[in-house]
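Dumped my_file_6.cif below, it's mmCIF, C-alpha atoms; chains and numbers go by the auth columns:
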data_coords
#
loop_
_atom_site.group_PDB
_atom_site.id
_atom_site.type_symbol
_atom_site.label_atom_id
_atom_site.label_comp_id
_atom_site.label_asym_id
_atom_site.label_seq_id
_atom_site.Cartn_x
_atom_site.Cartn_y
_atom_site.Cartn_z
_atom_site.B_iso_or_equiv
_atom_site.auth_seq_id
_atom_site.auth_asym_id
ATOM 1 C CA MET A 1 0.000 0.000 0.000 0.00 588 A
ATOM 2 C CA LYS A 2 2.807 2.421 0.943 0.00 589 A
ATOM 3 C CA LEU A 3 4.614 1.620 -2.306 0.00 590 A
ATOM 4 C CA THR A 4 1.484 2.426 -4.304 0.00 591 A
ATOM 5 C CA ASN A 5 1.128 5.806 -2.562 0.00 592 A
ATOM 6 C CA PHE A 6 4.796 6.550 -3.231 0.00 593 A
ATOM 7 C CA THR A 7 4.345 5.617 -6.900 0.00 594 A
ATOM 8 C CA CYS A 8 1.285 7.919 -7.162 0.00 595 A
ATOM 9 C CA VAL A 9 3.175 10.797 -5.555 0.00 596 A
ATOM 10 C CA LEU A 10 6.169 10.200 -7.808 0.00 597 A
ATOM 11 C CA ARG A 11 3.953 10.037 -10.905 0.00 598 A
ATOM 12 C CA THR A 12 2.180 13.265 -9.874 0.00 599 A
ATOM 13 C CA CYS A 13 5.516 15.028 -9.340 0.00 600 A
ATOM 14 C CA LEU A 14 6.772 13.897 -12.740 0.00 601 A
ATOM 15 C CA ILE A 15 3.591 15.096 -14.441 0.00 602 A
ATOM 16 C CA LEU A 16 3.854 18.480 -12.710 0.00 603 A
ATOM 17 C CA LEU A 17 7.540 18.768 -13.635 0.00 604 A
ATOM 18 C CA LEU A 18 6.809 17.855 -17.239 0.00 605 A
ATOM 19 C CA GLY A 19 3.998 20.420 -17.256 0.00 606 A
ATOM 20 C CA LEU A 20 6.388 23.109 -16.057 0.00 607 A
ATOM 21 C CA VAL A 21 8.991 22.232 -18.667 0.00 608 A
ATOM 22 C CA VAL A 22 6.467 22.184 -21.507 0.00 609 A
ATOM 23 C CA ASN A 23 4.770 25.422 -20.445 0.00 610 A
ATOM 24 C CA THR A 24 7.942 27.383 -19.699 0.00 611 A
ATOM 25 C CA PRO A 25 8.589 29.808 -22.545 0.00 612 A
ATOM 26 C CA SER A 26 11.812 29.139 -24.359 0.00 613 A
ATOM 27 C CA HIS A 27 14.232 32.032 -24.548 0.00 614 A
ATOM 28 C CA ALA A 28 16.692 30.251 -26.801 0.00 615 A
ATOM 29 C CA TYR A 29 17.319 31.987 -30.085 0.00 616 A
ATOM 30 C CA SER A 30 16.837 29.949 -33.222 0.00 617 A
ATOM 31 C CA TYR A 31 19.265 31.059 -35.886 0.00 618 A
ATOM 32 C CA ALA A 32 17.256 29.209 -38.515 0.00 619 A
ATOM 33 C CA ALA A 33 14.230 31.369 -37.726 0.00 620 A
ATOM 34 C CA ALA A 34 16.151 34.609 -37.371 0.00 621 A
ATOM 35 C CA GLY A 35 14.125 36.270 -40.117 0.00 622 A
ATOM 36 C CA LYS A 36 14.475 36.720 -43.810 0.00 623 A
ATOM 37 C CA GLU A 37 17.492 38.331 -45.356 0.00 624 A
ATOM 38 C CA PRO A 38 16.346 40.387 -48.363 0.00 625 A
ATOM 39 C CA VAL A 39 19.868 40.710 -49.797 0.00 626 A
ATOM 40 C CA ILE A 40 20.387 36.936 -49.707 0.00 627 A
ATOM 41 C CA ASP A 41 16.949 36.238 -51.183 0.00 628 A
ATOM 42 C CA GLY A 42 17.327 39.020 -53.751 0.00 629 A
ATOM 43 C CA ARG A 43 20.785 37.850 -54.766 0.00 630 A
ATOM 44 C CA GLU A 44 19.467 34.349 -55.352 0.00 631 A
ATOM 45 C CA ALA A 45 16.620 35.660 -57.541 0.00 632 A
ATOM 46 C CA ILE A 46 19.031 37.876 -59.482 0.00 633 A
ATOM 47 C CA MET A 47 21.506 35.037 -60.063 0.00 634 A
ATOM 48 C CA GLN A 48 18.697 32.751 -61.271 0.00 635 A
ATOM 49 C CA ALA A 49 17.505 35.443 -63.678 0.00 636 A
ATOM 50 C CA LEU A 50 21.024 36.067 -64.976 0.00 637 A
ATOM 51 C CA ALA A 51 21.536 32.331 -65.524 0.00 638 A
ATOM 52 C CA VAL A 52 18.771 32.419 -68.153 0.00 639 A
ATOM 53 C CA ASP A 53 19.655 35.903 -69.469 0.00 640 A
ATOM 54 C CA ASP A 54 16.402 37.383 -68.152 0.00 641 A
ATOM 55 C CA PHE A 55 17.350 40.965 -67.345 0.00 642 A
ATOM 56 C CA ALA A 56 13.699 41.954 -66.854 0.00 643 A
ATOM 57 C CA ALA A 57 13.402 39.450 -63.981 0.00 644 A
ATOM 58 C CA ALA A 58 16.785 40.568 -62.647 0.00 645 A
ATOM 59 C CA LYS A 59 15.539 44.170 -62.589 0.00 646 A
ATOM 60 C CA VAL A 60 12.382 43.127 -60.705 0.00 647 A
ATOM 61 C CA ALA A 61 14.568 41.356 -58.114 0.00 648 A
ATOM 62 C CA VAL A 62 16.851 44.393 -57.850 0.00 649 A
ATOM 63 C CA ASP A 63 13.815 46.662 -57.372 0.00 650 A
ATOM 64 C CA GLY A 64 12.924 44.466 -54.386 0.00 651 A
ATOM 65 C CA LEU A 65 16.220 45.541 -52.791 0.00 652 A
ATOM 66 C CA HIS A 66 15.449 49.271 -52.988 0.00 653 A
ATOM 67 C CA GLU A 67 15.075 49.622 -49.218 0.00 654 A
ATOM 68 C CA GLU A 68 18.348 47.787 -48.482 0.00 655 A
ATOM 69 C CA PHE A 69 20.294 49.745 -51.100 0.00 656 A
ATOM 70 C CA THR A 70 18.809 53.033 -49.826 0.00 657 A
ATOM 71 C CA TYR A 71 19.808 52.125 -46.257 0.00 658 A
ATOM 72 C CA LEU A 72 23.395 51.374 -47.325 0.00 659 A
ATOM 73 C CA ARG A 73 23.583 54.689 -49.201 0.00 660 A
ATOM 74 C CA ASN A 74 22.090 56.773 -46.390 0.00 661 A
ATOM 75 C CA GLU A 75 23.693 55.083 -43.379 0.00 662 A
ATOM 76 C CA HIS A 76 26.993 53.765 -44.776 0.00 663 A
ATOM 77 C CA GLN A 77 27.603 56.081 -47.754 0.00 664 A
ATOM 78 C CA VAL A 78 27.750 53.104 -50.138 0.00 665 A
ATOM 79 C CA ASP A 79 25.937 53.718 -53.427 0.00 666 A
ATOM 80 C CA LEU A 80 24.987 50.437 -55.076 0.00 667 A
ATOM 81 C CA GLN A 81 21.935 51.775 -56.913 0.00 668 A
ATOM 82 C CA THR A 82 23.905 53.769 -59.504 0.00 669 A
ATOM 83 C CA PRO A 83 26.289 50.985 -60.606 0.00 670 A
ATOM 84 C CA MET A 84 23.430 48.455 -60.517 0.00 671 A
ATOM 85 C CA ALA A 85 21.207 50.628 -62.734 0.00 672 A
ATOM 86 C CA GLN A 86 24.106 51.047 -65.158 0.00 673 A
ATOM 87 C CA ALA A 87 24.886 47.306 -65.197 0.00 674 A
ATOM 88 C CA LEU A 88 21.240 46.463 -65.856 0.00 675 A
ATOM 89 C CA ALA A 89 20.977 49.094 -68.610 0.00 676 A
ATOM 90 C CA GLU A 90 24.078 47.614 -70.279 0.00 677 A
ATOM 91 C CA LYS A 91 22.722 44.073 -69.717 0.00 678 A
ATOM 92 C CA ASP A 92 26.110 43.192 -68.256 0.00 679 A
ATOM 93 C CA ALA A 93 25.623 40.101 -66.087 0.00 680 A
ATOM 94 C CA ALA A 94 29.190 40.212 -64.722 0.00 681 A
ATOM 95 C CA LYS A 95 28.716 43.802 -63.501 0.00 682 A
ATOM 96 C CA VAL A 96 25.340 42.976 -61.937 0.00 683 A
ATOM 97 C CA GLU A 97 26.956 40.071 -60.096 0.00 684 A
ATOM 98 C CA ALA A 98 29.862 42.279 -58.982 0.00 685 A
ATOM 99 C CA VAL A 99 27.431 44.828 -57.501 0.00 686 A
ATOM 100 C CA MET A 100 25.644 42.027 -55.639 0.00 687 A
ATOM 101 C CA ASP A 101 29.003 40.776 -54.321 0.00 688 A
ATOM 102 C CA ARG A 102 29.624 44.294 -53.044 0.00 689 A
ATOM 103 C CA ALA A 103 26.174 44.294 -51.393 0.00 690 A
ATOM 104 C CA VAL A 104 27.037 41.035 -49.629 0.00 691 A
ATOM 105 C CA ILE A 105 30.356 42.456 -48.415 0.00 692 A
ATOM 106 C CA GLU A 106 28.615 45.585 -47.124 0.00 693 A
ATOM 107 C CA GLU A 107 26.138 43.395 -45.218 0.00 694 A
ATOM 108 C CA ILE A 108 29.071 41.530 -43.632 0.00 695 A
ATOM 109 C CA ILE A 109 30.668 44.836 -42.623 0.00 696 A
ATOM 110 C CA ARG A 110 27.360 46.145 -41.245 0.00 697 A
ATOM 111 C CA ARG A 111 26.782 43.022 -39.132 0.00 698 A
ATOM 112 C CA LEU A 112 30.339 42.996 -37.788 0.00 699 A
ATOM 113 C CA ASP A 113 30.070 46.703 -36.916 0.00 700 A
ATOM 114 C CA GLY A 114 26.889 45.922 -35.011 0.00 701 A
ATOM 115 C CA ALA A 115 28.502 42.982 -33.216 0.00 702 A
ATOM 116 C CA GLU A 116 31.460 45.148 -32.202 0.00 703 A
ATOM 117 C CA LYS A 117 29.114 47.788 -30.757 0.00 704 A
ATOM 118 C CA ASN A 118 27.270 45.050 -28.835 0.00 705 A
ATOM 119 C CA LEU A 119 30.175 43.069 -27.389 0.00 706 A
ATOM 120 C CA GLY A 120 28.641 43.614 -23.959 0.00 707 A
ATOM 121 C CA ASP A 121 25.531 41.678 -25.045 0.00 708 A
ATOM 122 C CA TYR A 122 26.660 38.183 -26.006 0.00 709 A
ATOM 123 C CA GLN A 123 23.350 37.088 -27.568 0.00 710 A
ATOM 124 C CA VAL A 124 23.070 40.129 -29.857 0.00 711 A
ATOM 125 C CA ALA A 125 26.745 39.965 -30.851 0.00 712 A
ATOM 126 C CA LYS A 126 26.502 36.247 -31.609 0.00 713 A
ATOM 127 C CA VAL A 127 23.403 36.661 -33.783 0.00 714 A
ATOM 128 C CA LEU A 128 25.140 39.400 -35.781 0.00 715 A
ATOM 129 C CA VAL A 129 28.325 37.365 -36.256 0.00 716 A
ATOM 130 C CA VAL A 130 26.344 34.273 -37.281 0.00 717 A
ATOM 131 C CA LYS A 131 24.378 36.387 -39.772 0.00 718 A
ATOM 132 C CA SER A 132 27.619 37.799 -41.163 0.00 719 A
ATOM 133 C CA LYS A 133 28.756 34.212 -41.742 0.00 720 A
ATOM 134 C CA LEU A 134 25.598 33.524 -43.776 0.00 721 A
ATOM 135 C CA PHE A 135 26.660 36.322 -46.106 0.00 722 A
ATOM 136 C CA LEU A 136 30.293 35.219 -46.071 0.00 723 A
ATOM 137 C CA ASP A 137 29.308 31.726 -47.200 0.00 724 A
ATOM 138 C CA LEU A 138 27.808 33.246 -50.377 0.00 725 A
ATOM 139 C CA ILE A 139 31.096 34.730 -51.554 0.00 726 A
ATOM 140 C CA MET A 140 33.571 32.168 -50.176 0.00 727 A
ATOM 141 C CA PRO A 141 33.682 30.193 -53.452 0.00 728 A
ATOM 142 C CA LYS A 142 34.816 33.351 -55.267 0.00 729 A
ATOM 143 C CA LEU A 143 37.898 33.781 -53.083 0.00 730 A
ATOM 144 C CA ASP A 144 41.250 32.250 -53.933 0.00 731 A
ATOM 145 C CA GLU A 145 42.473 29.473 -51.641 0.00 732 A
ATOM 146 C CA ALA A 146 44.622 31.690 -49.393 0.00 733 A
ATOM 147 C CA ASN A 147 41.897 34.287 -48.848 0.00 734 A
ATOM 148 C CA ARG A 148 39.251 31.599 -48.374 0.00 735 A
ATOM 149 C CA GLN A 149 41.354 30.035 -45.620 0.00 736 A
ATOM 150 C CA GLN A 150 42.036 33.438 -44.034 0.00 737 A
ATOM 151 C CA ALA A 151 38.324 34.330 -44.108 0.00 738 A
ATOM 152 C CA ALA A 152 37.302 30.971 -42.582 0.00 739 A
ATOM 153 C CA THR A 153 39.863 31.328 -39.785 0.00 740 A
ATOM 154 C CA ALA A 154 38.986 34.988 -39.169 0.00 741 A
ATOM 155 C CA ILE A 155 35.221 34.417 -38.888 0.00 742 A
ATOM 156 C CA GLN A 156 35.919 31.764 -36.253 0.00 743 A
ATOM 157 C CA GLY A 157 38.264 34.212 -34.512 0.00 744 A
ATOM 158 C CA VAL A 158 35.548 36.878 -34.518 0.00 745 A
ATOM 159 C CA LEU A 159 33.087 34.384 -33.045 0.00 746 A
ATOM 160 C CA GLN A 160 35.513 33.438 -30.267 0.00 747 A
ATOM 161 C CA ALA A 161 36.293 37.102 -29.563 0.00 748 A
ATOM 162 C CA ILE A 162 32.690 37.845 -28.575 0.00 749 A
ATOM 163 C CA GLY A 163 33.266 35.647 -25.515 0.00 750 A
ATOM 164 C CA ASN A 164 30.975 33.090 -23.962 0.00 751 A
ATOM 165 C CA PRO A 165 28.551 33.438 -21.050 0.00 752 A
ATOM 166 C CA GLY A 166 29.066 29.767 -20.176 0.00 753 A
ATOM 167 C CA VAL A 167 26.489 27.503 -18.614 0.00 754 A
ATOM 168 C CA PHE A 168 25.770 28.655 -15.060 0.00 755 A
ATOM 169 C CA GLY A 169 29.114 30.457 -15.249 0.00 756 A
ATOM 170 C CA VAL A 170 31.092 27.351 -16.224 0.00 757 A
ATOM 171 C CA GLY A 171 33.190 27.981 -19.322 0.00 758 A
ATOM 172 C CA GLN A 172 32.558 31.718 -19.115 0.00 759 A
ATOM 173 C CA ALA A 173 34.891 33.892 -21.193 0.00 760 A
ATOM 174 C CA PRO A 174 34.715 37.690 -21.512 0.00 761 A
ATOM 175 C CA ALA A 175 34.577 39.406 -24.890 0.00 762 A
ATOM 176 C CA ASP A 176 37.936 40.556 -26.223 0.00 763 A
ATOM 177 C CA PRO A 177 37.510 43.778 -28.233 0.00 764 A
ATOM 178 C CA ALA A 178 41.155 43.860 -29.366 0.00 765 A
ATOM 179 C CA VAL A 179 41.007 40.336 -30.778 0.00 766 A
ATOM 180 C CA PHE A 180 37.630 41.126 -32.350 0.00 767 A
ATOM 181 C CA LYS A 181 39.128 44.138 -34.177 0.00 768 A
ATOM 182 C CA GLN A 182 42.136 42.111 -35.324 0.00 769 A
ATOM 183 C CA GLN A 183 40.049 39.193 -36.631 0.00 770 A
ATOM 184 C CA ARG A 184 37.550 41.561 -38.261 0.00 771 A
ATOM 185 C CA LYS A 185 40.420 43.282 -40.090 0.00 772 A
ATOM 186 C CA LEU A 186 41.771 39.915 -41.293 0.00 773 A
ATOM 187 C CA LEU A 187 38.306 38.906 -42.498 0.00 774 A
ATOM 188 C CA LEU A 188 37.690 42.127 -44.373 0.00 775 A
ATOM 189 C CA GLY A 189 41.172 41.919 -45.875 0.00 776 A
ATOM 190 C CA ALA A 190 40.419 38.431 -47.175 0.00 777 A
ATOM 191 C CA ILE A 191 37.176 39.434 -48.868 0.00 778 A
ATOM 192 C CA GLY A 192 38.426 42.844 -50.024 0.00 779 A
ATOM 193 C CA GLN A 193 39.585 41.408 -53.353 0.00 780 A
ATOM 194 C CA LEU A 194 35.921 41.270 -54.418 0.00 781 A
ATOM 195 C CA LYS A 195 35.240 44.983 -53.798 0.00 782 A
#
Please express what this file holds, its structure, as structure tokens.
Amino acid sequence: MKLTNFTCVLRTCLILLLGLVVNTPSHAYSYAAAGKEPVIDGREAIMQALAVDDFAAAKVAVDGLHEEFTYLRNEHQVDLQTPMAQALAEKDAAKVEAVMDRAVIEEIIRRLDGAEKNLGDYQVAKVLVVKSKLFLDLIMPKLDEANRQQAATAIQGVLQAIGNPGVFGVGQAPADPAVFKQQRKLLLGAIGQLK
């Protein structure tokens, strides 16, 4: 009889515990669901259009990037609209692709700048560095072997430089702004050949 009561109590405790776990809101950040990236999506649409020589479709995809290009011009003094309009008018696929490569590089720079400003907030800095890697992956195949290796090493260095909050303090490491700057410079040097 006592064993049965103990089993009932244990079962009730487990059900309550499971209920707490299931109903507790999750504060983990999902990088897969971090939101759409218009430049990545737009670049893909543009490259697909260029692959079949459809400059009308490429222009539609470029028009979808108006807000992003305007932001880069106004906030970072990078004009991509003028060279893109010229490349489309000339129907020069290589120039269109080069402008999109520049857009990707500017997005990497923008994300790394944001991460550097937020080194005190690990979660924000990590999201920005991980997003910069999404952009980096798009242009990695265009780099020569030495720069590809340097970029891969540097992005990992940037990620390590943002520190680590650890789990309950175990494995905690503070952010290192000096290392961040150094690794960022190496990364931008590696991809600079595409500018």
Given the PyMOL selection byres ((chain A and resi 691) around 9) and the file above, list the residues it selects as a PyMOL selection string. chain A and resi 626-627+630+686-690+692-696+722-723+725-726
Rounded to one decimal place, report the CA of Ile742 in chain A-CA of Lys704 in chain A distance in Å. 16.8 Å
Would you list the contacts of range 666-672 of chain A as JSON, numbers by chain, taking every protein, DNA or RNA residue within 12 Å and counting all atoms listed in the file, but skipping same-chain residues closer than 6 positions in sequence? {"A": [633, 642, 645, 646, 647, 648, 649, 650, 651, 652, 653, 654, 655, 656, 657, 658, 659, 660, 678, 679, 680, 681, 682, 683, 684, 685, 686, 687, 688, 689, 690, 691, 692, 693, 782]}
One residue among A:Val745, A:Ala765, A:Leu730, A:Ala739 is nearest to Gly779 in chain A when using all atoms listed in the file, and that residue is A:Leu730
Residues near range 756-763 of chain A, cut-off 10 Å, all atoms listed in the file, skip fewer than 2 positions along chain, as a PDB file with C-alpha atoms, in the frame of the given file:
ATOM      1  CA  GLU A 703      31.460  45.148 -32.202  1.00  0.00           C
ATOM      2  CA  LEU A 706      30.175  43.069 -27.389  1.00  0.00           C
ATOM      3  CA  GLY A 707      28.641  43.614 -23.959  1.00  0.00           C
ATOM      4  CA  ASP A 708      25.531  41.678 -25.045  1.00  0.00           C
ATOM      5  CA  TYR A 709      26.660  38.183 -26.006  1.00  0.00           C
ATOM      6  CA  ALA A 712      26.745  39.965 -30.851  1.00  0.00           C
ATOM      7  CA  VAL A 745      35.548  36.878 -34.518  1.00  0.00           C
ATOM      8  CA  LEU A 746      33.087  34.384 -33.045  1.00  0.00           C
ATOM      9  CA  GLN A 747      35.513  33.438 -30.267  1.00  0.00           C
ATOM     10  CA  ALA A 748      36.293  37.102 -29.563  1.00  0.00           C
ATOM     11  CA  ILE A 749      32.690  37.845 -28.575  1.00  0.00           C
ATOM     12  CA  GLY A 750      33.266  35.647 -25.515  1.00  0.00           C
ATOM     13  CA  ASN A 751      30.975  33.090 -23.962  1.00  0.00           C
ATOM     14  CA  PRO A 752      28.551  33.438 -21.050  1.00  0.00           C
ATOM     15  CA  GLY A 753      29.066  29.767 -20.176  1.00  0.00           C
ATOM     16  CA  VAL A 754      26.489  27.503 -18.614  1.00  0.00           C
ATOM     17  CA  ALA A 765      41.155  43.860 -29.366  1.00  0.00           C
ATOM     18  CA  VAL A 766      41.007  40.336 -30.778  1.00  0.00           C
ATOM     19  CA  PHE A 767      37.630  41.126 -32.350  1.00  0.00           C
ATOM     20  CA  LYS A 768      39.128  44.138 -34.177  1.00  0.00           C
TER      21      LYS A 768
END
Which of these residues is nearest to Leu775 in chain A, using only C-alpha atoms: A:Gln710, A:Gln664, A:Asn734, A:Gln743?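 Ranking A:Gln710, A:Gln664, A:Asn734, A:Gln743 by distance to Leu775 in chain A, first place goes to A:Asn734.
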Figure out the distance between CA of Leu773 in chain A and CA of Ala741 in chain A, please, to one decimal in Å.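 Computing it gives 6.0 Å between the two atoms.
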If you measure from CA of Lys713 in chain A to CA of Pro764 in chain A, what distance in Å do you get, rounded to one decimal?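 For CA of Lys713 in chain A relative to CA of Pro764 in chain A, the distance reads 13.8 Å.
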